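Next comes structure-v6.pdb, a file with PDB, C-alpha atoms, pLDDT in the B column.
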ATOM      1  CA  MET A   1     -21.447   5.626   5.643  1.00 42.00           C
ATOM      2  CA  HIS A   2     -20.970   3.880   2.347  1.00 42.00           C
ATOM      3  CA  TYR A   3     -22.373   0.525   1.279  1.00 44.00           C
ATOM      4  CA  CYS A   4     -20.714  -0.928  -1.821  1.00 40.00           C
ATOM      5  CA  ARG A   5     -22.900  -3.967  -2.215  1.00 38.00           C
ATOM      6  CA  ASP A   6     -21.231  -7.327  -2.808  1.00 35.00           C
ATOM      7  CA  MET A   7     -23.529  -9.047  -0.406  1.00 33.00           C
ATOM      8  CA  SER A   8     -25.826 -11.730  -1.812  1.00 30.00           C
ATOM      9  CA  LEU A   9     -24.827 -15.366  -1.423  1.00 29.00           C
ATOM     10  CA  ASP A  10     -26.095 -16.263  -4.907  1.00 32.00           C
ATOM     11  CA  ASP A  11     -24.111 -15.922  -8.130  1.00 32.00           C
ATOM     12  CA  THR A  12     -26.987 -16.119 -10.591  1.00 33.00           C
ATOM     13  CA  ALA A  13     -26.148 -14.512 -13.921  1.00 33.00           C
ATOM     14  CA  SER A  14     -27.994 -11.305 -14.788  1.00 37.00           C
ATOM     15  CA  GLY A  15     -29.664 -10.735 -18.116  1.00 40.00           C
ATOM     16  CA  PRO A  16     -28.076  -8.616 -20.862  1.00 37.00           C
ATOM     17  CA  SER A  17     -30.239  -5.567 -20.103  1.00 40.00           C
ATOM     18  CA  GLU A  18     -28.961  -5.534 -16.520  1.00 42.00           C
ATOM     19  CA  ALA A  19     -25.366  -6.135 -17.550  1.00 38.00           C
ATOM     20  CA  ALA A  20     -25.471  -3.006 -19.696  1.00 39.00           C
ATOM     21  CA  ARG A  21     -26.280  -0.842 -16.693  1.00 44.00           C
ATOM     22  CA  PRO A  22     -23.277   0.916 -15.136  1.00 41.00           C
ATOM     23  CA  PRO A  23     -23.159   0.635 -11.333  1.00 44.00           C
ATOM     24  CA  GLU A  24     -24.536   3.690  -9.569  1.00 54.00           C
ATOM     25  CA  PHE A  25     -24.557   4.637  -5.910  1.00 74.00           C
ATOM     26  CA  ARG A  26     -27.773   5.985  -4.478  1.00 83.00           C
ATOM     27  CA  LYS A  27     -27.547   8.685  -1.837  1.00 88.00           C
ATOM     28  CA  VAL A  28     -30.070   8.183   0.971  1.00 91.00           C
ATOM     29  CA  ASP A  29     -30.167  11.129   3.344  1.00 90.00           C
ATOM     30  CA  ASP A  30     -33.723  11.560   4.619  1.00 91.00           C
ATOM     31  CA  ALA A  31     -35.180   9.972   7.731  1.00 94.00           C
ATOM     32  CA  ARG A  32     -38.413   8.782   6.072  1.00 94.00           C
ATOM     33  CA  THR A  33     -36.629   6.737   3.420  1.00 95.00           C
ATOM     34  CA  LEU A  34     -34.141   5.373   5.921  1.00 95.00           C
ATOM     35  CA  ARG A  35     -36.934   4.256   8.241  1.00 95.00           C
ATOM     36  CA  ALA A  36     -38.585   2.471   5.313  1.00 95.00           C
ATOM     37  CA  LEU A  37     -35.330   0.676   4.615  1.00 95.00           C
ATOM     38  CA  ALA A  38     -34.730  -0.333   8.242  1.00 95.00           C
ATOM     39  CA  HIS A  39     -36.361  -3.764   8.147  1.00 96.00           C
ATOM     40  CA  PRO A  40     -34.463  -7.085   8.147  1.00 96.00           C
ATOM     41  CA  VAL A  41     -36.502  -8.565   5.259  1.00 97.00           C
ATOM     42  CA  ARG A  42     -35.919  -5.483   3.099  1.00 97.00           C
ATOM     43  CA  ILE A  43     -32.192  -5.564   3.825  1.00 96.00           C
ATOM     44  CA  GLY A  44     -32.172  -9.250   2.860  1.00 96.00           C
ATOM     45  CA  LEU A  45     -33.998  -8.530  -0.398  1.00 97.00           C
ATOM     46  CA  ILE A  46     -31.566  -5.758  -1.300  1.00 95.00           C
ATOM     47  CA  GLU A  47     -28.602  -8.037  -0.613  1.00 94.00           C
ATOM     48  CA  ALA A  48     -30.037 -10.833  -2.754  1.00 95.00           C
ATOM     49  CA  LEU A  49     -30.972  -8.611  -5.698  1.00 94.00           C
ATOM     50  CA  SER A  50     -27.683  -6.689  -5.608  1.00 90.00           C
ATOM     51  CA  LEU A  51     -25.630  -9.735  -6.498  1.00 86.00           C
ATOM     52  CA  GLY A  52     -28.167 -12.228  -7.783  1.00 88.00           C
ATOM     53  CA  GLY A  53     -29.680 -10.022 -10.459  1.00 90.00           C
ATOM     54  CA  ALA A  54     -33.383  -9.962 -11.273  1.00 93.00           C
ATOM     55  CA  MET A  55     -35.477 -12.409  -9.225  1.00 95.00           C
ATOM     56  CA  THR A  56     -39.114 -13.132  -8.573  1.00 96.00           C
ATOM     57  CA  ALA A  57     -40.703 -12.996  -5.132  1.00 95.00           C
ATOM     58  CA  THR A  58     -40.725 -16.792  -5.083  1.00 95.00           C
ATOM     59  CA  GLU A  59     -37.018 -17.004  -5.919  1.00 96.00           C
ATOM     60  CA  LEU A  60     -36.207 -14.373  -3.334  1.00 97.00           C
ATOM     61  CA  ALA A  61     -38.265 -16.232  -0.744  1.00 96.00           C
ATOM     62  CA  GLU A  62     -36.073 -19.300  -1.240  1.00 96.00           C
ATOM     63  CA  GLU A  63     -32.941 -17.143  -1.099  1.00 95.00           C
ATOM     64  CA  ILE A  64     -33.649 -15.324   2.167  1.00 96.00           C
ATOM     65  CA  GLY A  65     -35.867 -17.860   3.925  1.00 96.00           C
ATOM     66  CA  GLU A  66     -39.152 -15.926   3.903  1.00 96.00           C
ATOM     67  CA  SER A  67     -42.537 -16.621   2.309  1.00 96.00           C
ATOM     68  CA  PRO A  68     -43.318 -15.357  -1.229  1.00 95.00           C
ATOM     69  CA  THR A  69     -46.195 -13.310   0.227  1.00 95.00           C
ATOM     70  CA  THR A  70     -43.843 -11.567   2.669  1.00 97.00           C
ATOM     71  CA  CYS A  71     -41.296 -10.891  -0.066  1.00 96.00           C
ATOM     72  CA  SER A  72     -43.976  -9.501  -2.401  1.00 95.00           C
ATOM     73  CA  PHE A  73     -45.155  -7.054   0.259  1.00 96.00           C
ATOM     74  CA  HIS A  74     -41.667  -5.791   1.077  1.00 97.00           C
ATOM     75  CA  LEU A  75     -40.688  -5.572  -2.601  1.00 97.00           C
ATOM     76  CA  ARG A  76     -43.640  -3.257  -3.175  1.00 96.00           C
ATOM     77  CA  GLN A  77     -42.528  -1.131  -0.239  1.00 96.00           C
ATOM     78  CA  LEU A  78     -38.966  -0.970  -1.563  1.00 96.00           C
ATOM     79  CA  ALA A  79     -40.342  -0.001  -4.984  1.00 96.00           C
ATOM     80  CA  ARG A  80     -42.378   2.750  -3.374  1.00 96.00           C
ATOM     81  CA  TYR A  81     -39.147   4.319  -2.130  1.00 95.00           C
ATOM     82  CA  GLY A  82     -37.286   3.753  -5.380  1.00 93.00           C
ATOM     83  CA  PHE A  83     -34.919   0.954  -4.326  1.00 95.00           C
ATOM     84  CA  VAL A  84     -36.277  -1.720  -6.678  1.00 95.00           C
ATOM     85  CA  GLU A  85     -38.363  -1.893  -9.815  1.00 95.00           C
ATOM     86  CA  GLU A  86     -40.066  -4.516 -11.949  1.00 94.00           C
ATOM     87  CA  ALA A  87     -37.652  -6.005 -14.477  1.00 92.00           C
ATOM     88  CA  GLY A  88     -40.395  -6.785 -16.983  1.00 87.00           C
ATOM     89  CA  GLY A  89     -42.191 -10.013 -17.833  1.00 83.00           C
ATOM     90  CA  GLY A  90     -44.207 -12.339 -15.657  1.00 79.00           C
ATOM     91  CA  LYS A  91     -47.286 -11.727 -13.557  1.00 77.00           C
ATOM     92  CA  GLY A  92     -48.045 -11.741  -9.847  1.00 72.00           C
ATOM     93  CA  ARG A  93     -45.309 -13.440  -7.841  1.00 72.00           C
ATOM     94  CA  ALA A  94     -43.704 -14.539 -11.115  1.00 84.00           C
ATOM     95  CA  ARG A  95     -42.760 -10.939 -11.897  1.00 90.00           C
ATOM     96  CA  PRO A  96     -39.004 -10.427 -11.668  1.00 95.00           C
ATOM     97  CA  TRP A  97     -37.665  -7.495  -9.659  1.00 96.00           C
ATOM     98  CA  ARG A  98     -34.300  -5.752  -9.864  1.00 94.00           C
ATOM     99  CA  MET A  99     -32.357  -3.045  -8.073  1.00 92.00           C
ATOM    100  CA  THR A 100     -32.587   0.487  -9.460  1.00 91.00           C
ATOM    101  CA  SER A 101     -28.972   1.117  -8.408  1.00 86.00           C
ATOM    102  CA  ILE A 102     -26.054  -0.892  -7.085  1.00 79.00           C
ATOM    103  CA  GLY A 103     -24.480   0.693  -4.042  1.00 81.00           C
ATOM    104  CA  MET A 104     -25.735   3.036  -1.377  1.00 84.00           C
ATOM    105  CA  GLU A 105     -24.309   6.068   0.367  1.00 84.00           C
ATOM    106  CA  ILE A 106     -25.741   7.428   3.606  1.00 87.00           C
ATOM    107  CA  PRO A 107     -24.150  10.856   4.154  1.00 83.00           C
ATOM    108  CA  THR A 108     -23.453  12.061   7.667  1.00 85.00           C
ATOM    109  CA  VAL A 109     -25.965  14.792   8.471  1.00 86.00           C
ATOM    110  CA  ASP A 110     -26.511  16.989  11.526  1.00 87.00           C
ATOM    111  CA  ASP A 111     -30.092  15.889  12.121  1.00 90.00           C
ATOM    112  CA  PRO A 112     -30.959  13.656  15.108  1.00 93.00           C
ATOM    113  CA  GLU A 113     -33.958  11.970  13.434  1.00 93.00           C
ATOM    114  CA  THR A 114     -31.988  11.061  10.325  1.00 93.00           C
ATOM    115  CA  THR A 115     -29.012   9.940  12.393  1.00 93.00           C
ATOM    116  CA  ILE A 116     -31.168   7.544  14.431  1.00 94.00           C
ATOM    117  CA  ALA A 117     -32.672   6.035  11.267  1.00 94.00           C
ATOM    118  CA  ALA A 118     -29.264   5.749   9.601  1.00 93.00           C
ATOM    119  CA  THR A 119     -27.854   4.003  12.664  1.00 93.00           C
ATOM    120  CA  MET A 120     -30.660   1.439  12.552  1.00 94.00           C
ATOM    121  CA  VAL A 121     -30.010   0.719   8.856  1.00 94.00           C
ATOM    122  CA  ALA A 122     -26.287   0.389   9.494  1.00 92.00           C
ATOM    123  CA  ARG A 123     -26.909  -1.983  12.392  1.00 94.00           C
ATOM    124  CA  LEU A 124     -29.109  -4.257  10.270  1.00 95.00           C
ATOM    125  CA  PHE A 125     -26.555  -4.393   7.471  1.00 93.00           C
ATOM    126  CA  ARG A 126     -23.657  -4.984   9.845  1.00 94.00           C
ATOM    127  CA  GLU A 127     -25.447  -7.713  11.797  1.00 95.00           C
ATOM    128  CA  ARG A 128     -25.948  -9.696   8.601  1.00 94.00           C
ATOM    129  CA  GLN A 129     -22.364  -9.074   7.489  1.00 94.00           C
ATOM    130  CA  LEU A 130     -20.874 -10.074  10.828  1.00 95.00           C
ATOM    131  CA  ASN A 131     -23.046 -13.190  10.887  1.00 95.00           C
ATOM    132  CA  ARG A 132     -21.531 -14.172   7.534  1.00 95.00           C
ATOM    133  CA  TYR A 133     -18.069 -13.485   8.917  1.00 95.00           C
ATOM    134  CA  GLN A 134     -18.831 -15.716  11.901  1.00 96.00           C
ATOM    135  CA  THR A 135     -19.960 -18.430   9.492  1.00 96.00           C
ATOM    136  CA  TRP A 136     -16.653 -18.069   7.640  1.00 95.00           C
ATOM    137  CA  LEU A 137     -14.704 -18.494  10.880  1.00 95.00           C
ATOM    138  CA  GLU A 138     -16.658 -21.619  11.694  1.00 97.00           C
ATOM    139  CA  THR A 139     -16.506 -23.210   8.235  1.00 97.00           C
ATOM    140  CA  ASN A 140     -13.302 -21.967   6.571  1.00 96.00           C
ATOM    141  CA  ALA A 141     -11.639 -25.342   7.098  1.00 96.00           C
ATOM    142  CA  THR A 142     -13.966 -26.696   4.403  1.00 97.00           C
ATOM    143  CA  TYR A 143     -12.620 -24.211   1.818  1.00 96.00           C
ATOM    144  CA  PRO A 144      -9.651 -24.945  -0.472  1.00 95.00           C
ATOM    145  CA  LEU A 145      -6.278 -23.881   0.917  1.00 96.00           C
ATOM    146  CA  GLN A 146      -5.838 -21.132  -1.692  1.00 96.00           C
ATOM    147  CA  TRP A 147      -8.985 -19.383  -0.455  1.00 96.00           C
ATOM    148  CA  ARG A 148      -7.969 -19.686   3.189  1.00 95.00           C
ATOM    149  CA  GLU A 149      -4.594 -18.150   2.324  1.00 95.00           C
ATOM    150  CA  ALA A 150      -6.191 -15.384   0.264  1.00 95.00           C
ATOM    151  CA  ALA A 151      -8.721 -14.326   2.901  1.00 95.00           C
ATOM    152  CA  GLY A 152      -7.583 -11.595   5.276  1.00 90.00           C
ATOM    153  CA  ASP A 153      -8.268 -10.482   8.839  1.00 90.00           C
ATOM    154  CA  THR A 154      -6.320  -7.347   9.724  1.00 89.00           C
ATOM    155  CA  GLN A 155      -6.575  -4.985  12.678  1.00 90.00           C
ATOM    156  CA  LEU A 156      -4.599  -1.733  12.669  1.00 92.00           C
ATOM    157  CA  VAL A 157      -4.501   1.331  14.923  1.00 94.00           C
ATOM    158  CA  PHE A 158      -3.268   4.742  13.741  1.00 92.00           C
ATOM    159  CA  TYR A 159      -3.011   8.228  15.164  1.00 95.00           C
ATOM    160  CA  MET A 160      -4.603  10.587  12.653  1.00 95.00           C
ATOM    161  CA  THR A 161      -6.848  13.602  12.323  1.00 95.00           C
ATOM    162  CA  ALA A 162     -10.465  13.497  11.193  1.00 94.00           C
ATOM    163  CA  GLU A 163      -9.464  14.922   7.806  1.00 96.00           C
ATOM    164  CA  GLU A 164      -6.756  12.287   7.352  1.00 96.00           C
ATOM    165  CA  LEU A 165      -9.226   9.518   8.210  1.00 95.00           C
ATOM    166  CA  LYS A 166     -11.731  10.890   5.700  1.00 92.00           C
ATOM    167  CA  GLN A 167      -9.048  10.960   3.007  1.00 95.00           C
ATOM    168  CA  LEU A 168      -7.875   7.423   3.798  1.00 94.00           C
ATOM    169  CA  ASN A 169     -11.416   6.059   3.457  1.00 90.00           C
ATOM    170  CA  ALA A 170     -11.830   7.846   0.125  1.00 88.00           C
ATOM    171  CA  GLU A 171      -8.565   6.330  -1.121  1.00 91.00           C
ATOM    172  CA  LEU A 172      -9.604   2.824  -0.074  1.00 88.00           C
ATOM    173  CA  ARG A 173     -12.948   3.121  -1.861  1.00 83.00           C
ATOM    174  CA  ALA A 174     -11.239   4.455  -4.976  1.00 84.00           C
ATOM    175  CA  LEU A 175      -8.773   1.567  -4.907  1.00 85.00           C
ATOM    176  CA  ALA A 176     -11.220  -1.320  -4.601  1.00 77.00           C
ATOM    177  CA  GLY A 177     -14.516  -0.037  -5.999  1.00 73.00           C
ATOM    178  CA  PRO A 178     -13.942   0.666  -9.706  1.00 75.00           C
ATOM    179  CA  ARG A 179     -11.730  -2.387 -10.184  1.00 78.00           C
ATOM    180  CA  PHE A 180     -14.431  -4.925  -9.363  1.00 85.00           C
ATOM    181  CA  GLN A 181     -17.768  -3.064  -9.235  1.00 81.00           C
ATOM    182  CA  GLU A 182     -18.805  -3.724 -12.840  1.00 83.00           C
ATOM    183  CA  ARG A 183     -18.666  -7.469 -12.235  1.00 85.00           C
ATOM    184  CA  LEU A 184     -21.798  -7.102 -10.123  1.00 82.00           C
ATOM    185  CA  THR A 185     -23.920  -6.134 -13.114  1.00 81.00           C
ATOM    186  CA  ASP A 186     -22.011  -7.861 -15.919  1.00 85.00           C
ATOM    187  CA  PRO A 187     -21.359 -11.572 -15.227  1.00 88.00           C
ATOM    188  CA  SER A 188     -19.290 -11.819 -18.427  1.00 91.00           C
ATOM    189  CA  LEU A 189     -16.547  -9.812 -16.688  1.00 92.00           C
ATOM    190  CA  ARG A 190     -16.165 -12.384 -13.894  1.00 92.00           C
ATOM    191  CA  PRO A 191     -13.102 -14.586 -14.447  1.00 94.00           C
ATOM    192  CA  ALA A 192     -13.347 -18.346 -14.085  1.00 94.00           C
ATOM    193  CA  GLY A 193     -13.326 -19.330 -10.420  1.00 93.00           C
ATOM    194  CA  ALA A 194     -14.606 -15.947  -9.172  1.00 94.00           C
ATOM    195  CA  VAL A 195     -17.013 -16.089  -6.226  1.00 92.00           C
ATOM    196  CA  PRO A 196     -18.697 -13.379  -4.120  1.00 91.00           C
ATOM    197  CA  VAL A 197     -16.170 -11.934  -1.653  1.00 92.00           C
ATOM    198  CA  GLU A 198     -17.245  -9.571   1.111  1.00 91.00           C
ATOM    199  CA  MET A 199     -14.804  -6.998   2.463  1.00 89.00           C
ATOM    200  CA  LEU A 200     -15.655  -4.990   5.566  1.00 89.00           C
ATOM    201  CA  ILE A 201     -13.585  -1.921   6.426  1.00 88.00           C
ATOM    202  CA  PHE A 202     -14.387  -0.227   9.724  1.00 89.00           C
ATOM    203  CA  SER A 203     -12.614   2.963  10.748  1.00 92.00           C
ATOM    204  CA  TYR A 204     -13.571   4.967  13.816  1.00 92.00           C
ATOM    205  CA  PRO A 205     -11.961   6.891  16.708  1.00 94.00           C
ATOM    206  CA  VAL A 206     -11.604   4.824  19.878  1.00 92.00           C
ATOM    207  CA  ARG A 207     -11.759   7.852  22.175  1.00 92.00           C
ATOM    208  CA  LEU A 208     -13.091  11.392  22.103  1.00 93.00           C
ATOM    209  CA  PRO A 209     -10.693  14.049  20.795  1.00 91.00           C
ATOM    210  CA  PRO A 210      -9.179  16.377  23.427  1.00 88.00           C
ATOM    211  CA  ALA A 211     -10.609  19.807  24.024  1.00 83.00           C
ATOM    212  CA  ASP A 212      -8.729  22.638  22.315  1.00 72.00           C
ATOM    213  CA  GLY A 213      -7.000  23.650  25.514  1.00 55.00           C
ATOM    214  CA  ASP A 214      -5.899  20.100  26.290  1.00 58.00           C
ATOM    215  CA  ASN A 215      -4.631  19.658  22.740  1.00 56.00           C
ATOM    216  CA  ARG A 216      -2.454  22.786  22.945  1.00 54.00           C
ATOM    217  CA  LYS A 217      -1.074  21.637  26.313  1.00 53.00           C
ATOM    218  CA  ALA A 218      -0.203  18.185  24.899  1.00 52.00           C
ATOM    219  CA  GLN A 219       1.720  19.800  22.022  1.00 55.00           C
ATOM    220  CA  SER A 220       3.655  22.304  24.177  1.00 51.00           C
TER     221      SER A 220
END
Mind converting the file's structure to structure tokens?
Amino acid sequence: MHYCRDMSLDDTASGPSEAARPPEFRKVDDARTLRALAHPVRIGLIEALSLGGAMTATELAEEIGESPTTCSFHLRQLARYGFVEEAGGGKGRARPWRMTSIGMEIPTVDDPETTIAATMVARLFRERQLNRYQTWLETNATYPLQWREAAGDTQLVFYMTAEELKQLNAELRALAGPRFQERLTDPSLRPAGAVPVEMLIFSYPVRLPPADGDNRKAQS
């Protein structure tokens, strides 16, 4: 699973020190860290900081609809696991926080405990994303025509092998990621009129593969 974060609803400009940071993906592959991440407030904080740049607990509270006290607690927990860090300056709830990396990769591992934790994290992310998509469906009539024409909603079905699917996903990430990723951390690269755009790409088999014997019979 890969999470290329373009997910906050705020477009606040980041400071120069943040803009100079190249985007980096963090690999999260242990159950303990994944369980620490699997909380709706922490997912909300990560989304807000990923696109909004450095924010204080009070600013984040306004962004995600929680109290500053709640945000402060969960920011400390995220810092404990290396997801966020203090950006410098300020005291108490006036201290700004920032992401330590932009982007997250959760590798597929053959460990039931890690798989359960990863599934929970994925579900929390996807619920928030699909809620935003539902909001788009309900409100897109209020957007200018050029944005309604530019937005896409495509469903495709292919016959392919697991290796071909893996390669296709790698090609899609390589196509979209590098072209726009630096705009997350460097607002000066955003052209006039640019707004946060979320793209969700799901790819999964819709049925179990045949057993080896059945596969040979189908090809004979």
Practice task
Considering all atoms listed in the file, state which residue in the set A:Arg207, A:Lys91, A:Arg190, A:Arg42 is at the smallest distance from Leu60 (chain A).
Solution key: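 The closest residue to Leu60 (chain A) is A:Arg42.
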- Task: List the neighbours of Ala151 (chain A) out to 10 Å using all atoms listed in the file; skip same-chain residues closer than 6 positions along the sequence, and give me the result as number ranges by chain.
- Result: A: 136, 140, 197-199
Given only C-alpha atoms, how would the per-residue table for region 111-217 of chain A near region 48-58 of chain A read, listing every residue at most 10 Å away with its closest atom pair and distance in Å to one decimal, sorted by chain and number, as JSON lines?
{"residue": "A:Arg183", "atom": "CA", "partner": "A:Leu51", "partner_atom": "CA", "distance": 9.3}
{"residue": "A:Leu184", "atom": "CA", "partner": "A:Leu51", "partner_atom": "CA", "distance": 5.9}
{"residue": "A:Thr185", "atom": "CA", "partner": "A:Gly53", "partner_atom": "CA", "distance": 7.4}
{"residue": "A:Asp186", "atom": "CA", "partner": "A:Gly53", "partner_atom": "CA", "distance": 9.7}
{"residue": "A:Pro187", "atom": "CA", "partner": "A:Gly53", "partner_atom": "CA", "distance": 9.7}
{"residue": "A:Pro196", "atom": "CA", "partner": "A:Leu51", "partner_atom": "CA", "distance": 8.2}
**OP:** Point out the residue among A:Thr135, A:Asp153, A:Ala36, A:Glu63 with the least atom-to-atom distance to Arg76 (chain A), counting all atoms listed in the file.
**Re:**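 Selected residue with least distance to Arg76 (chain A): A:Ala36.
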re CA of Leu137 (chain A) and CA of Gly152 (chain A): distance 11.4 Å
Ser72 (chain A) proximity check over A:Ala170, A:Tyr204, A:Arg26, A:Glu86, using only C-alpha atoms: winner is A:Glu86
Exercise: Pro107 (chain A) partners within 12 Å, all atoms listed in the file, chain neighbours under 6 positions left out, as number ranges by chain
A: 1-3, 25-31, 34, 114-115, 118-119, 122
Run the PyMOL selection byres ((chain A and resi 71) around 10) on the file and write out the hits as JSON, numbers by chain.
{"A": [41, 42, 44, 45, 56, 57, 58, 59, 60, 61, 62, 64, 65, 66, 67, 68, 69, 70, 72, 73, 74, 75, 76, 77, 93]}
Among A:Gly193, A:Tyr81, A:Arg126, A:Ala211, Pro144 (chain A) is approached most closely, using all atoms listed in the file, by A:Gly193
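Remark: for Phe202 (chain A), the closest of the candidate residues A:Val157, A:Val84, A:Ala117, A:Leu189 is A:Val157 (distances computed over all atoms listed in the file).
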- Message: Residues within 9 Å of (-38.8, -6.7, -18.3), file coordinates, counting all atoms listed in the file: what are they? Give the list as a list in words.
- Response: Ser17, Glu86, Ala87, Gly88, Gly89, Gly90, Arg95, Pro96 and Trp97 of chain A
*To one decimal place, how far is CA of Leu200 (chain A) from CA of Leu124 (chain A) in Å?*
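Straight-line distance from CA of Leu200 (chain A) to CA of Leu124 (chain A) works out to 14.3 Å.
Distance annotation: of A:Ile43, A:Leu78, A:Val206, A:Val195, the residue with the minimal separation from Tyr159 (chain A) is A:Val206; atom set is all atoms listed in the file.
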Extending 8 Å beyond the listed atoms of region 123-136 of chain A on each side, what axis-aligned box results? I want centre and edge lengths in Å to one decimal, as JSON.
{"center_x": -22.9, "center_y": -10.2, "center_z": 9.9, "size_x": 28.5, "size_y": 32.4, "size_z": 20.9}
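For the pair CA of Glu164 (chain A) and CA of Arg179 (chain A), the interatomic distance is 23.4 Å.
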Working from the structure I just supplied, which lacks atoms in region 175-195 of chain A, can you model N, CA and C atoms there and output them as a PDB file, keeping the file's coordinate frame?
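Below you can see part_35.pdb, which holds the result:
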ATOM      1  N   LEU A 175      -9.650   2.675  -4.545  1.00 85.00           N
ATOM      2  CA  LEU A 175      -8.773   1.567  -4.907  1.00 85.00           C
ATOM      3  C   LEU A 175      -9.553   0.310  -5.255  1.00 85.00           C
ATOM      4  N   ALA A 176     -10.530  -0.044  -4.434  1.00 77.00           N
ATOM      5  CA  ALA A 176     -11.220  -1.320  -4.601  1.00 77.00           C
ATOM      6  C   ALA A 176     -12.476  -1.225  -5.464  1.00 77.00           C
ATOM      7  N   GLY A 177     -13.217  -0.123  -5.343  1.00 73.00           N
ATOM      8  CA  GLY A 177     -14.516  -0.037  -5.999  1.00 73.00           C
ATOM      9  C   GLY A 177     -14.509  -0.189  -7.507  1.00 73.00           C
ATOM     10  N   PRO A 178     -13.866   0.716  -8.247  1.00 75.00           N
ATOM     11  CA  PRO A 178     -13.942   0.666  -9.706  1.00 75.00           C
ATOM     12  C   PRO A 178     -13.356  -0.616 -10.302  1.00 75.00           C
ATOM     13  N   ARG A 179     -12.402  -1.206  -9.632  1.00 78.00           N
ATOM     14  CA  ARG A 179     -11.730  -2.387 -10.184  1.00 78.00           C
ATOM     15  C   ARG A 179     -12.661  -3.583 -10.311  1.00 78.00           C
ATOM     16  N   PHE A 180     -13.589  -3.736  -9.380  1.00 85.00           N
ATOM     17  CA  PHE A 180     -14.431  -4.925  -9.363  1.00 85.00           C
ATOM     18  C   PHE A 180     -15.926  -4.635  -9.464  1.00 85.00           C
ATOM     19  N   GLN A 181     -16.350  -3.377  -9.354  1.00 81.00           N
ATOM     20  CA  GLN A 181     -17.768  -3.064  -9.235  1.00 81.00           C
ATOM     21  C   GLN A 181     -18.582  -3.512 -10.447  1.00 81.00           C
ATOM     22  N   GLU A 182     -18.030  -3.388 -11.653  1.00 83.00           N
ATOM     23  CA  GLU A 182     -18.805  -3.724 -12.840  1.00 83.00           C
ATOM     24  C   GLU A 182     -19.129  -5.210 -12.924  1.00 83.00           C
ATOM     25  N   ARG A 183     -18.380  -6.038 -12.215  1.00 85.00           N
ATOM     26  CA  ARG A 183     -18.666  -7.469 -12.235  1.00 85.00           C
ATOM     27  C   ARG A 183     -19.996  -7.792 -11.569  1.00 85.00           C
ATOM     28  N   LEU A 184     -20.495  -6.896 -10.740  1.00 82.00           N
ATOM     29  CA  LEU A 184     -21.798  -7.102 -10.123  1.00 82.00           C
ATOM     30  C   LEU A 184     -22.906  -7.149 -11.161  1.00 82.00           C
ATOM     31  N   THR A 185     -22.851  -6.255 -12.137  1.00 81.00           N
ATOM     32  CA  THR A 185     -23.920  -6.134 -13.114  1.00 81.00           C
ATOM     33  C   THR A 185     -23.619  -6.795 -14.439  1.00 81.00           C
ATOM     34  N   ASP A 186     -22.380  -7.206 -14.655  1.00 85.00           N
ATOM     35  CA  ASP A 186     -22.011  -7.861 -15.919  1.00 85.00           C
ATOM     36  C   ASP A 186     -21.276  -9.162 -15.619  1.00 85.00           C
ATOM     37  N   PRO A 187     -21.995 -10.285 -15.550  1.00 88.00           N
ATOM     38  CA  PRO A 187     -21.359 -11.572 -15.227  1.00 88.00           C
ATOM     39  C   PRO A 187     -20.268 -11.979 -16.204  1.00 88.00           C
ATOM     40  N   SER A 188     -20.304 -11.441 -17.444  1.00 91.00           N
ATOM     41  CA  SER A 188     -19.290 -11.819 -18.427  1.00 91.00           C
ATOM     42  C   SER A 188     -17.899 -11.320 -18.036  1.00 91.00           C
ATOM     43  N   LEU A 189     -17.830 -10.348 -17.122  1.00 92.00           N
ATOM     44  CA  LEU A 189     -16.547  -9.812 -16.688  1.00 92.00           C
ATOM     45  C   LEU A 189     -15.926 -10.624 -15.558  1.00 92.00           C
ATOM     46  N   ARG A 190     -16.674 -11.585 -15.003  1.00 92.00           N
ATOM     47  CA  ARG A 190     -16.165 -12.384 -13.894  1.00 92.00           C
ATOM     48  C   ARG A 190     -15.253 -13.492 -14.415  1.00 92.00           C
ATOM     49  N   PRO A 191     -14.002 -13.531 -13.984  1.00 94.00           N
ATOM     50  CA  PRO A 191     -13.102 -14.586 -14.447  1.00 94.00           C
ATOM     51  C   PRO A 191     -13.513 -15.947 -13.901  1.00 94.00           C
ATOM     52  N   ALA A 192     -13.046 -16.989 -14.541  1.00 94.00           N
ATOM     53  CA  ALA A 192     -13.347 -18.346 -14.085  1.00 94.00           C
ATOM     54  C   ALA A 192     -12.870 -18.517 -12.648  1.00 94.00           C
ATOM     55  N   GLY A 193     -13.690 -19.104 -11.810  1.00 93.00           N
ATOM     56  CA  GLY A 193     -13.326 -19.330 -10.420  1.00 93.00           C
ATOM     57  C   GLY A 193     -13.676 -18.196  -9.492  1.00 93.00           C
ATOM     58  N   ALA A 194     -14.240 -17.083 -10.021  1.00 94.00           N
ATOM     59  CA  ALA A 194     -14.606 -15.947  -9.172  1.00 94.00           C
ATOM     60  C   ALA A 194     -15.855 -16.273  -8.364  1.00 94.00           C
ATOM     61  N   VAL A 195     -15.857 -15.902  -7.109  1.00 92.00           N
ATOM     62  CA  VAL A 195     -17.013 -16.089  -6.226  1.00 92.00           C
ATOM     63  C   VAL A 195     -17.278 -14.780  -5.492  1.00 92.00           C
TER      64      VAL A 195
END
